[in-house]
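Notes follow the structure.
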Amino acid sequence: MILLSIIKFAFVSLWANKFRSFLTMISIIIGIFSVIILSAAGNGVKAKVTEFIGNLGPNTVIVLPIPSLDNGDVKSGFSAQQSASAVSSTITNGDIDAINEEIANINGVNAIVIPPGIVTYNDKKYAPFTIGGTPGLADVLKVSLASGRFINEKDIDDKNQVVLMGEATKSAMGINDLGTKIKIGKEEYEIVGFLNGSSQQMFGFDLNNLLFLPYTTAQTIASRTTVDRLLVSALSKDDVKSVRESIKKLFKDRHGEDDVSVLEQTDALKLFDSILGIITQFLLLIASISLLVGGIGIMNIMLVSVTERTKEIGIRKAVGATNFLILLQFLIESILLSAVGAGIAIALTYGVEFAIDQYLSDKAPVHLIIENSTILLAVSISVGIGVIFGLFPAVRAASKNPIEALRYE
């Protein structure tokens, strides 16, 4: 009963200075909101990538330009050296030919090159998801033709300047006719096909924004002779292990070192989880800074409140309030400040999630997946901040001498 009275009085005290209380909560709101949003976005990205890698099928072997991860062991994390190697790939067209010629029990090799470049048409500019690949990559990406043709081996061999355009790219550029010429950089490229709308994403990129061209043409745009990824399809799931080991040996023989990672589907998922985990933890650490600022703000405002209410403290002690009850009073006020801030942040997060699902739907690059454990963590953090940063002001209030407090003006 006493506790309920204290909580009620704490609400009354905070409401009496509602504008000041709200300003104090802003950092808590921003911090908790950032933590939940980043965690939810990370879950959304993870779900999309897991879906994409799952769609590759269990027969797919993925070759990445990252130094060998020792049989797929990604527990050691993603080093700076590995990151740098992912940017400067050592996988060449000759490696592709060697895999096709020397590795048994495979259906083929799909190369991926992601070049830079802004697309221009008349006075319009657009930045699509540009990717260079092989004809078989269409099946991997689950894209289909609305009209025109797909790229073929002749386009690959001749480095033809032809492209296929996704639905969103086509709409944004205002292009309707096959054979239209667009520019990437200073060079012209002919549109030979339009793609149907797609609900698929590739590592968070909407495939409706796709601009697809031969991987050899993409290499020309990027001024290099390497590829960014290889997707090798084994004849059956039983062949995956042997195909993987054969590819690893082939690269070791050709390059003289383990400068690529050859992964199965499960290994790729583990690698992505490791990378995403590191990135998410780093972003959450940055977001936590605002929580620290918010905690300091709560301590500051509670110290001001203790000073302003010195006479009130003296009166309450004079009529029988114990030091513990005074401490509890101010501690609960501090906890309420951070808890209400967390509540507002949680409401904002669900509001953002609803807006994305309601108004953006499949157009959103990633959907937020808010887990109950994240909400529980956010509430726990907010209560912890209230206790940690409210304890000192509460102790200071409880330790005031009642006689001196009554004399205070």
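Please note that chains go A, B, ... in the order of the structure tokens, that every chain numbers its residues from 1, and that ligands are numbered from 1 in the order shown.
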
Could you pull the residues within 9 Å of A:Leu178, counting only C-alpha atoms, minus those fewer than 2 positions along the same chain, as number ranges by chain? A: 147-148, 175-176, 180-181, 190-194

Which residues come within 8 Å of A:Phe33, counting only C-alpha atoms, excluding same-chain residues fewer than 6 positions away, as a list in words?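 Near A:Phe33, the qualifying residues are Ala342, Ala345, Ile346, Leu348 and Thr349 of chain A.
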
Looking at A:Ala172, A:Ile156, A:Leu337, A:Leu292, which one is nearest to A:Asn17, with distances taken over only C-alpha atoms?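 Closest to A:Asn17 of all the choices is A:Leu337.
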
Tell me which of A:Gly320, A:Gly295, A:Gly133, A:Pro115 sits closest to A:Val383, counting only C-alpha atoms. A:Gly295

Which one is closest to A:Ser144: A:Ser198, A:Gln265, A:Thr24, A:Ser34? Count only C-alpha atoms.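 Looking only at the distances to A:Ser144, the closest residue turns out to be A:Ser198.
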
Find, counting only C-alpha atoms, the residue in A:Val63, A:Glu245, A:Ile29, A:Pro135 that gets nearest to A:Val262. A:Val63

Can you list, as a list in words, every protein, DNA or RNA residue that comes within 9 Å of A:Gly297 when you count only C-alpha atoms, leaving out same-chain residues fewer than 2 positions away? Thr24, Met25, Ser27, Leu292, Val293, Gly294, Gly295, Met299, Asn300, Ile301, Met302 and Phe389 of chain A

Write out the residues from the selection above, keeping C-alpha atoms, as a compact mmCIF listing (two decimals), in the first residue's frame.
```
# COMPACT_ATOMS: atom_id res chain seq x y z
CA THR A 24 15.13 14.50 -19.62
CA MET A 25 13.61 11.43 -21.28
CA SER A 27 18.00 10.74 -24.71
CA LEU A 292 24.63 6.94 -21.16
CA VAL A 293 23.83 10.58 -21.93
CA GLY A 294 20.23 9.95 -20.89
CA GLY A 295 21.37 8.40 -17.61
CA MET A 299 21.01 12.06 -12.49
CA ASN A 300 21.33 15.78 -13.16
CA ILE A 301 17.58 16.47 -13.07
CA MET A 302 17.11 14.36 -9.94
CA PHE A 389 21.78 7.00 -12.18
```

So that I can see what lies close to A:Ser39, please list as a tab-separated table (two decimals) with N, CA and C atoms, in the first residue's frame the residues with an atom at most 9 Å from it, counting only C-alpha atoms and leaving out residues fewer than 3 positions away in the same chain.
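Okay, this is what ended up in part17.tsv:
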```
chain	number	residue	atom	x	y	z
A	34	SER	N	16.76	3.43	-30.80
A	34	SER	CA	17.85	3.03	-31.69
A	34	SER	C	18.23	1.57	-31.48
A	35	VAL	N	18.29	1.16	-30.21
A	35	VAL	CA	18.66	-0.23	-29.90
A	35	VAL	C	17.64	-1.20	-30.50
A	36	ILE	N	16.35	-0.92	-30.30
A	36	ILE	CA	15.31	-1.83	-30.80
A	36	ILE	C	15.27	-1.83	-32.33
A	42	GLY	N	18.41	-5.66	-38.08
A	42	GLY	CA	19.36	-6.76	-38.22
A	42	GLY	C	18.65	-8.09	-38.39
A	43	ASN	N	17.58	-8.30	-37.62
A	43	ASN	CA	16.79	-9.53	-37.77
A	43	ASN	C	16.14	-9.61	-39.14
A	44	GLY	N	15.68	-8.43	-39.64
A	44	GLY	CA	15.06	-8.41	-40.97
A	44	GLY	C	16.05	-8.74	-42.07
A	280	THR	N	26.17	-5.46	-36.08
A	280	THR	CA	25.07	-5.09	-35.20
A	280	THR	C	25.58	-4.68	-33.82
A	284	LEU	N	25.01	-1.12	-32.08
A	284	LEU	CA	24.34	-1.05	-30.79
A	284	LEU	C	25.21	-0.33	-29.76
A	368	LEU	N	11.21	-4.83	-40.48
A	368	LEU	CA	11.64	-4.93	-39.09
A	368	LEU	C	11.05	-6.18	-38.45
A	369	ILE	N	11.87	-6.93	-37.75
A	369	ILE	CA	11.40	-8.08	-36.99
A	369	ILE	C	11.74	-7.84	-35.53
A	370	ILE	N	10.72	-7.42	-34.77
A	370	ILE	CA	10.92	-7.08	-33.36
A	370	ILE	C	10.68	-8.32	-32.51
A	371	GLU	N	11.67	-8.73	-31.76
A	371	GLU	CA	11.56	-9.91	-30.92
A	371	GLU	C	11.19	-9.52	-29.49
A	374	THR	N	14.07	-8.65	-27.29
A	374	THR	CA	14.63	-7.30	-27.45
A	374	THR	C	13.84	-6.29	-26.62
```

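When only C-alpha atoms are used to compute distances to A:Val12, the closest of the residues A:Leu336, A:Thr307, A:Arg254, A:Ile103 turns out to be A:Leu336.
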
Provide the atom CA of A:Leu235 to atom CA of A:Thr134 distance in Å, to one decimal place.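 Interatomic distance, atom CA of A:Leu235 to atom CA of A:Thr134: 18.3 Å.
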
Report as number ranges by chain all protein, DNA and RNA residues lying within 12 Å of A:Lys159, evaluated on only C-alpha atoms, omitting residues in the same chain fewer than 2 positions from it. A: 132-134, 151-157, 161-163, 189, 213-221

Kindly export the residues of the current selection with N, CA and C atoms, as a compact mmCIF listing (two decimals), in the first residue's frame.
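That gives us result35.txt:
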```txt
# COMPACT_ATOMS: atom_id res chain seq x y z
N GLY A 132 26.42 -7.96 -62.81
CA GLY A 132 26.82 -8.71 -63.99
C GLY A 132 26.82 -10.19 -63.66
N GLY A 133 26.34 -11.00 -64.59
CA GLY A 133 26.27 -12.43 -64.30
C GLY A 133 26.24 -13.28 -65.55
N THR A 134 25.99 -14.53 -65.33
CA THR A 134 25.91 -15.53 -66.40
C THR A 134 24.43 -15.84 -66.67
N ILE A 151 20.29 -12.67 -71.43
CA ILE A 151 21.65 -12.68 -71.97
C ILE A 151 22.04 -14.12 -72.31
N ASN A 152 22.97 -14.29 -73.24
CA ASN A 152 23.40 -15.62 -73.64
C ASN A 152 24.93 -15.71 -73.64
N GLU A 153 25.44 -16.87 -73.98
CA GLU A 153 26.89 -17.09 -73.95
C GLU A 153 27.62 -16.19 -74.95
N LYS A 154 26.99 -15.87 -76.07
CA LYS A 154 27.63 -14.98 -77.04
C LYS A 154 27.82 -13.59 -76.43
N ASP A 155 26.83 -13.14 -75.66
CA ASP A 155 26.97 -11.85 -74.98
C ASP A 155 28.16 -11.87 -74.02
N ILE A 156 28.32 -13.02 -73.35
CA ILE A 156 29.44 -13.18 -72.40
C ILE A 156 30.76 -13.14 -73.16
N ASP A 157 30.86 -13.94 -74.22
CA ASP A 157 32.12 -14.04 -74.97
C ASP A 157 32.50 -12.73 -75.66
N GLN A 161 27.35 -5.02 -75.01
CA GLN A 161 26.82 -3.96 -74.15
C GLN A 161 25.29 -3.99 -74.17
N VAL A 162 24.77 -5.06 -73.55
CA VAL A 162 23.33 -5.27 -73.48
C VAL A 162 22.92 -5.41 -72.01
N VAL A 163 21.68 -5.02 -71.71
CA VAL A 163 21.21 -5.08 -70.33
C VAL A 163 19.76 -5.55 -70.28
N TYR A 189 24.39 1.33 -73.72
CA TYR A 189 24.01 -0.08 -73.56
C TYR A 189 22.57 -0.24 -74.04
N LEU A 213 23.40 -7.46 -66.62
CA LEU A 213 24.21 -7.46 -67.84
C LEU A 213 25.23 -8.59 -67.78
N PRO A 214 25.88 -8.93 -68.89
CA PRO A 214 26.89 -9.99 -68.87
C PRO A 214 28.02 -9.64 -67.90
N TYR A 215 28.52 -10.66 -67.19
CA TYR A 215 29.54 -10.37 -66.18
C TYR A 215 30.83 -9.84 -66.82
N THR A 216 31.11 -10.24 -68.05
CA THR A 216 32.31 -9.74 -68.72
C THR A 216 32.15 -8.25 -69.06
N THR A 217 30.93 -7.85 -69.38
CA THR A 217 30.66 -6.43 -69.64
C THR A 217 30.77 -5.64 -68.35
N ALA A 218 30.29 -6.23 -67.25
CA ALA A 218 30.40 -5.57 -65.94
C ALA A 218 31.87 -5.40 -65.55
N GLN A 219 32.69 -6.37 -65.90
CA GLN A 219 34.13 -6.24 -65.62
C GLN A 219 34.71 -5.06 -66.37
N THR A 220 34.28 -4.87 -67.61
CA THR A 220 34.76 -3.73 -68.41
C THR A 220 34.37 -2.41 -67.74
N ILE A 221 33.13 -2.34 -67.26
CA ILE A 221 32.67 -1.13 -66.58
C ILE A 221 33.52 -0.85 -65.34
```

Using only C-alpha atoms, which residues sit within 6 Å of stretch 324-334 of chain A once same-chain residues fewer than 6 positions away are excluded, as JSON, numbers by chain? {"A": [6, 10, 386, 390, 394, 395, 398]}

Export N, CA and C atoms of the chosen residues as a compact mmCIF listing (two decimals), in the first residue's frame?
```txt
# COMPACT_ATOMS: atom_id res chain seq x y z
N ILE A 6 3.68 5.76 -2.91
CA ILE A 6 4.94 6.37 -3.35
C ILE A 6 4.96 6.51 -4.87
N ALA A 10 5.09 9.85 -7.02
CA ALA A 10 6.18 10.04 -7.99
C ALA A 10 5.63 10.53 -9.32
N GLY A 386 17.60 3.80 -14.61
CA GLY A 386 16.92 4.53 -13.55
C GLY A 386 17.50 4.26 -12.19
N GLY A 390 19.88 7.04 -10.64
CA GLY A 390 19.01 7.68 -9.67
C GLY A 390 19.41 7.40 -8.23
N ALA A 394 19.06 9.90 -4.86
CA ALA A 394 18.15 9.36 -3.84
C ALA A 394 18.85 9.26 -2.49
N VAL A 395 20.08 8.78 -2.48
CA VAL A 395 20.86 8.68 -1.24
C VAL A 395 21.09 10.08 -0.66
N ALA A 398 17.92 11.20 0.97
CA ALA A 398 17.63 10.48 2.21
C ALA A 398 18.56 10.90 3.34
```

Can you check which residues of stretch 103-214 of chain A DSSP gives as alpha helix (DSSP H) on the backbone and send them as JSON, numbers by chain? {"A": [137, 138, 139, 140, 141, 153, 154, 155, 156, 157, 158, 167, 168, 169, 170, 171, 172, 173]}

Residues within 8 Å of A:Ile99, only C-alpha atoms, excluding chain neighbours under 4 positions, as an NGL selection string: :A and (95 or 103 or 109 or 247 or 250)

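Pairwise distance (atom CA of A:Ile275, atom CA of A:Arg229) equals 16.8 Å.
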
Please, which residues of stretch 62-271 of chain A, numbered as in this document, come out strand (DSSP E) from DSSP, as a PyMOL selection string? chain A and resi 62-64+106-113+119-121+124-126+129-133+145-148+162-165+181-184+187-195+201-202+205-206+210-214+229-234+261-263

For C-alpha atoms, I'd like the residues from the last selection saved as a PDB file, in the first residue's frame.
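Saved result, out-v3.pdb, follows:
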```pdb
ATOM      1  CA  ILE A  62      29.725 -20.588 -52.920  1.00  0.00           C
ATOM      2  CA  VAL A  63      33.211 -19.252 -53.670  1.00  0.00           C
ATOM      3  CA  LEU A  64      34.037 -15.950 -51.929  1.00  0.00           C
ATOM      4  CA  ILE A 106      28.809 -30.026 -61.504  1.00  0.00           C
ATOM      5  CA  ASN A 107      26.008 -28.494 -63.554  1.00  0.00           C
ATOM      6  CA  GLY A 108      27.832 -25.232 -64.159  1.00  0.00           C
ATOM      7  CA  VAL A 109      29.299 -22.073 -62.699  1.00  0.00           C
ATOM      8  CA  ASN A 110      27.504 -18.763 -62.205  1.00  0.00           C
ATOM      9  CA  ALA A 111      29.727 -15.702 -61.875  1.00  0.00           C
ATOM     10  CA  ILE A 112      28.676 -12.465 -60.168  1.00  0.00           C
ATOM     11  CA  VAL A 113      30.272  -9.058 -60.728  1.00  0.00           C
ATOM     12  CA  VAL A 119      22.414   4.939 -65.285  1.00  0.00           C
ATOM     13  CA  THR A 120      21.366   7.924 -67.407  1.00  0.00           C
ATOM     14  CA  TYR A 121      18.615   8.193 -69.995  1.00  0.00           C
ATOM     15  CA  LYS A 124      17.145  11.202 -65.973  1.00  0.00           C
ATOM     16  CA  LYS A 125      19.642   9.559 -63.645  1.00  0.00           C
ATOM     17  CA  TYR A 126      19.083   6.459 -61.558  1.00  0.00           C
ATOM     18  CA  PHE A 129      21.114  -2.574 -58.312  1.00  0.00           C
ATOM     19  CA  THR A 130      23.543  -3.321 -61.137  1.00  0.00           C
ATOM     20  CA  ILE A 131      24.865  -6.844 -61.357  1.00  0.00           C
ATOM     21  CA  GLY A 132      26.823  -8.711 -63.992  1.00  0.00           C
ATOM     22  CA  GLY A 133      26.268 -12.430 -64.302  1.00  0.00           C
ATOM     23  CA  LEU A 145      11.309 -12.218 -68.530  1.00  0.00           C
ATOM     24  CA  ALA A 146       8.320  -9.988 -69.209  1.00  0.00           C
ATOM     25  CA  SER A 147       9.526  -9.325 -72.755  1.00  0.00           C
ATOM     26  CA  GLY A 148      12.650  -9.527 -74.891  1.00  0.00           C
ATOM     27  CA  VAL A 162      23.326  -5.269 -73.483  1.00  0.00           C
ATOM     28  CA  VAL A 163      21.206  -5.075 -70.328  1.00  0.00           C
ATOM     29  CA  LEU A 164      17.983  -6.373 -68.814  1.00  0.00           C
ATOM     30  CA  MET A 165      15.926  -3.998 -66.717  1.00  0.00           C
ATOM     31  CA  LYS A 181      19.832   2.899 -75.382  1.00  0.00           C
ATOM     32  CA  ILE A 182      20.893   3.969 -71.897  1.00  0.00           C
ATOM     33  CA  LYS A 183      24.272   5.138 -70.645  1.00  0.00           C
ATOM     34  CA  ILE A 184      26.421   3.768 -67.852  1.00  0.00           C
ATOM     35  CA  GLU A 187      29.141   4.089 -72.834  1.00  0.00           C
ATOM     36  CA  GLU A 188      25.779   3.192 -74.369  1.00  0.00           C
ATOM     37  CA  TYR A 189      24.011  -0.078 -73.558  1.00  0.00           C
ATOM     38  CA  GLU A 190      21.003  -1.562 -75.336  1.00  0.00           C
ATOM     39  CA  ILE A 191      17.994  -2.864 -73.402  1.00  0.00           C
ATOM     40  CA  VAL A 192      17.293  -6.379 -74.711  1.00  0.00           C
ATOM     41  CA  GLY A 193      14.807  -7.500 -72.054  1.00  0.00           C
ATOM     42  CA  PHE A 194      12.420  -6.364 -69.323  1.00  0.00           C
ATOM     43  CA  LEU A 195      11.964  -8.453 -66.176  1.00  0.00           C
ATOM     44  CA  GLN A 201      15.815  -9.644 -52.581  1.00  0.00           C
ATOM     45  CA  MET A 202      19.533 -10.257 -52.780  1.00  0.00           C
ATOM     46  CA  PHE A 205      18.640  -5.274 -52.491  1.00  0.00           C
ATOM     47  CA  ASP A 206      15.233  -5.277 -54.174  1.00  0.00           C
ATOM     48  CA  LEU A 210      17.835  -4.818 -60.973  1.00  0.00           C
ATOM     49  CA  LEU A 211      19.919  -3.891 -63.995  1.00  0.00           C
ATOM     50  CA  PHE A 212      21.386  -7.142 -65.303  1.00  0.00           C
ATOM     51  CA  LEU A 213      24.207  -7.456 -67.841  1.00  0.00           C
ATOM     52  CA  PRO A 214      26.891  -9.988 -68.875  1.00  0.00           C
ATOM     53  CA  ARG A 229      31.323 -14.351 -56.307  1.00  0.00           C
ATOM     54  CA  LEU A 230      31.023 -17.808 -57.855  1.00  0.00           C
ATOM     55  CA  LEU A 231      28.016 -20.066 -57.399  1.00  0.00           C
ATOM     56  CA  VAL A 232      28.870 -23.624 -58.413  1.00  0.00           C
ATOM     57  CA  SER A 233      25.985 -26.072 -58.709  1.00  0.00           C
ATOM     58  CA  ALA A 234      26.788 -29.695 -57.850  1.00  0.00           C
ATOM     59  CA  SER A 261      36.697 -19.484 -49.141  1.00  0.00           C
ATOM     60  CA  VAL A 262      34.627 -22.307 -50.569  1.00  0.00           C
ATOM     61  CA  LEU A 263      31.418 -22.660 -48.596  1.00  0.00           C
TER      62      LEU A 263
END
```

Nearest to A:Leu291, chosen from A:Val319, A:Ile375, A:Gly384, A:Glu264, with only C-alpha atoms counted in the distances: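 Among the listed residues, the smallest separation from A:Leu291 belongs to A:Gly384.
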